[in-house]
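Peer 1: Shown below is the structure under consideration.
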Amino acid sequence: MLFNEPSPLETKVLTRRFGLPNSASIETNLANGGYQSFLKAVEMTQEQIIDEVKASNLRGRGGAGFPTGMKWGFVPRQSPKPKYIVVNGDESEPGTCKDRVLIENDPHLLIEGVLIAGLAVGAKAGYIYIRGEYRYLIDIMDKAIDEAYAKGWLGRNIQGKGVDFDLYTHTGAGAYECGEESALLESLEGKRGQPRIRPPFPAVAGLYQCPTILNNVETFCAVPSILEMGGKAWADLGIPKAGGTKLTCLTGHINKGGVYELPLGFPVEKMINEVGGGIRGGRKMKAFIPGGSSCPVLKGDEAWPLTMDYDSMAKAGTMLGSGGVVIMDETTDMVKAALRIMHFYQHESCGWCIPCREGTTWLKKILTRLDRGIGTTRDIDLVGDLAKNMLGRTFCPLGDAAALPTISIVEKFRDEFETKLAKIQVAVPAMADSPLVVMR
Amino acid sequence: MTFSPELEKRFEKLLASYPAQRRKSALIPMLMYAQDETGYVTHELVLEVARRIGIPPVQVDEVVTYYSMLWRKPRGKYHVQVCTNISCLLVGGEELYEHACKKLGLGHKETSADGRFSLEEVECMGACSWAPAIQINYDFHHHVTPEKLDKLIDDLKRIQ
């Protein structure tokens, strides 16, 4: 089921079977080109498959944007240990709802992508980790897996090609942290979702300490079309250094919120005004988050001239992220936005690394008092200072994810914090000369 | 403990989904599916799952205390979850949550006396483009207004 009308400006590659009757069924999938790339991959060598993925310039679609072909190339294929394919379907980055659409409308595309990854590294088993809230998607995926077994696209000697592959779904249980690759692996092993130190990376020592390819749902879903079109042609859908298309979720103050498949390098202005139908109420855009709440926030004016790709966003001091675009119009209370974002990270911090556990807790407390207008101007500096001290000091990127948007909001919208403090007159005890917290 | 035949079948499938010496992997899925039947993760369930997997019960407790969807207390037959994260917040998620509190007479993670409804303010549930969103048990509802929420709850109240 589609929750929003598609836009004529989309480049429909991953989503091309969306909207067909029973698009999630294996019949519809097979009748519309499904599993053909797998048959092509069976005839290729492992190097050829990986080279094709490298040529496509596909970069991880979960948010980190790591080159997928390179990641696959890190797997020690000659290792005597079993190899695993793990799909990250723990989609929980605020603003992101694209993997949900992919699994719901074309689960067999994901199975095909996983099978090709299996061929590329010689894996015989895979797990699809789906967040607990997406129970109905687990049911859809389970049904698709059963269909694939019944039709000989999973199991022993697939389509008589001498390939074996088993695929299972695995439910999460409500933890943002489990979207981080090493925490996901811990969770998949039946433990608390706490991150592992790296190296070794999952490619070398992942699930059960065996070589593992771990990618986002969308990343795997991109693979069949890469083999079908050829890596180069797929890359050319986007721009140099950022190949292909990206599912983009338009959220917030926008007229036509929805998930749209747009080529990499798509102009922000066209995305908002033409694909998304403009800002709600014809208002001005105050702030823009390109890909989930972990990204540094841009001012509206900074965002308009940009394009949706890795380099353009990096140059502007933010990241393309997961594709969860959050648009905030001029009515938005940025102090409140900062608080809500921190509320989330504080709730989701797994508690393993102290800078993140304590940092998010204190930032939430300080932002709460700023939001209520009972802070002091020095609290504004304290927020920025505390957040900066979290950067790079944790096992996983959750600490950075909490700090980056906070630092950017404080820097870019400092006047809003000051206005809020000036407006509400509450007696605040005089501060001592020495700082409350020494963070050096 | 005895479970329904469907759940027993699922347990069997889960325990066979992972390598023999890695059965602990089945832990979280077993708890998630079992609590749909038992209502929440009871002490009995902890012991039973530990026994079936062959791990000490403390390893089950470790997991139960970590994951927000594993409940250690009974919750309502209809668990209403309102998202107030950033994308929902921008389009009225917070007002919707406040409305739900009043409508149900409940606060965050509270359950009604008759055990029919419980309420939770939740983090991003992956419905951001169609916000504000709520989930009632596992069912998603998009573009929810206070009026739509009232109707959903009133309809559920009529079910005996």
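Every chain in the structure tokens has a letter given in the order shown (A, B, ...), and although residue numbers restart at 1 in each chain, ligands are simply numbered from 1 in the order shown.
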Taking only C-alpha atoms into account, find every residue of chain B that has an atom no more than 10 Å from chain A, and write it out as a PyMOL selection string.
Peer 2: chain B and resi 13-14+17-19+22-33+59-60+62-70+84-91+122-132+135+137-140+142
Peer 1: For Pro74 in chain B, work out the shell of residues within 9 Å, counting only C-alpha atoms and skipping chain neighbours fewer than 4 positions away, then give it as a list in words.
Peer 2: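 The neighbour list is Gly39, Tyr40, Val41, Thr42, Thr111 and Gly115 of chain B.
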Peer 1: Residues of the last selection are to be written out with N, CA and C atoms, as a JSON list (two decimals), in the first residue's frame.
Peer 2:
[["chain", "number", "residue", "atom", "x", "y", "z"],
["B", 39, "GLY", "N", 0.55, -11.15, 27.63],
["B", 39, "GLY", "CA", 0.26, -9.77, 28.01],
["B", 39, "GLY", "C", 1.50, -8.98, 28.35],
["B", 40, "TYR", "N", 2.40, -9.59, 29.09],
["B", 40, "TYR", "CA", 3.67, -8.94, 29.42],
["B", 40, "TYR", "C", 4.67, -10.02, 29.80],
["B", 41, "VAL", "N", 5.90, -9.61, 30.05],
["B", 41, "VAL", "CA", 6.94, -10.58, 30.36],
["B", 41, "VAL", "C", 6.87, -10.91, 31.85],
["B", 42, "THR", "N", 6.22, -12.00, 32.17],
["B", 42, "THR", "CA", 6.08, -12.41, 33.57],
["B", 42, "THR", "C", 7.36, -13.13, 34.00],
["B", 111, "THR", "N", -2.09, 2.42, 32.72],
["B", 111, "THR", "CA", -3.11, 1.49, 32.23],
["B", 111, "THR", "C", -4.42, 1.76, 32.95],
["B", 115, "GLY", "N", -8.24, -2.37, 32.67],
["B", 115, "GLY", "CA", -7.25, -3.10, 31.88],
["B", 115, "GLY", "C", -7.47, -3.04, 30.38]]
Peer 1: Point out the residue among B:Ala34, B:Leu104, B:Ala133, B:Ile53 with the least atom-to-atom distance to Leu156 in chain B, counting only C-alpha atoms.
Peer 2: B:Leu104
Peer 1: Using DSSP on the backbone, list every residue of chain B that comes out as helix (DSSP H, G or I), and give them as an MDAnalysis selection string.
Peer 2: chainID B and resid 5:16 20:38 43:53 57:64 86:90 93:104 128:130 146:158
Peer 1: Excluding same-chain residues fewer than 4 positions from range 216-218 of chain A, what lies within 12 Å of it counting only C-alpha atoms, as JSON, numbers by chain?
Peer 2: {"A": [13, 14, 15, 58, 59, 60, 61, 62, 63, 64, 65, 66, 68, 85, 86, 87, 88, 89, 90, 91, 92, 96, 97, 98, 99, 100, 101, 102, 103, 104, 106, 107, 108, 109, 110, 111, 112, 113, 114, 127, 128, 129, 130, 131, 179, 180, 181, 184, 222, 223, 224, 225, 244, 245, 246, 247, 248, 261, 322, 323]}
Peer 1: Tell me which protein, DNA and RNA residues are within 8 Å of Lys77 in chain B, counting only C-alpha atoms, leaving out same-chain ones fewer than 6 positions away, and put them as an NGL selection string.
Peer 2: :B and (115-118)
Peer 1: List every residue of range 147-233 of chain A that DSSP, applied to the backbone, labels as strand (DSSP E or B), and write the result as number ranges by chain.
Peer 2: A: 155, 165-171, 212-216
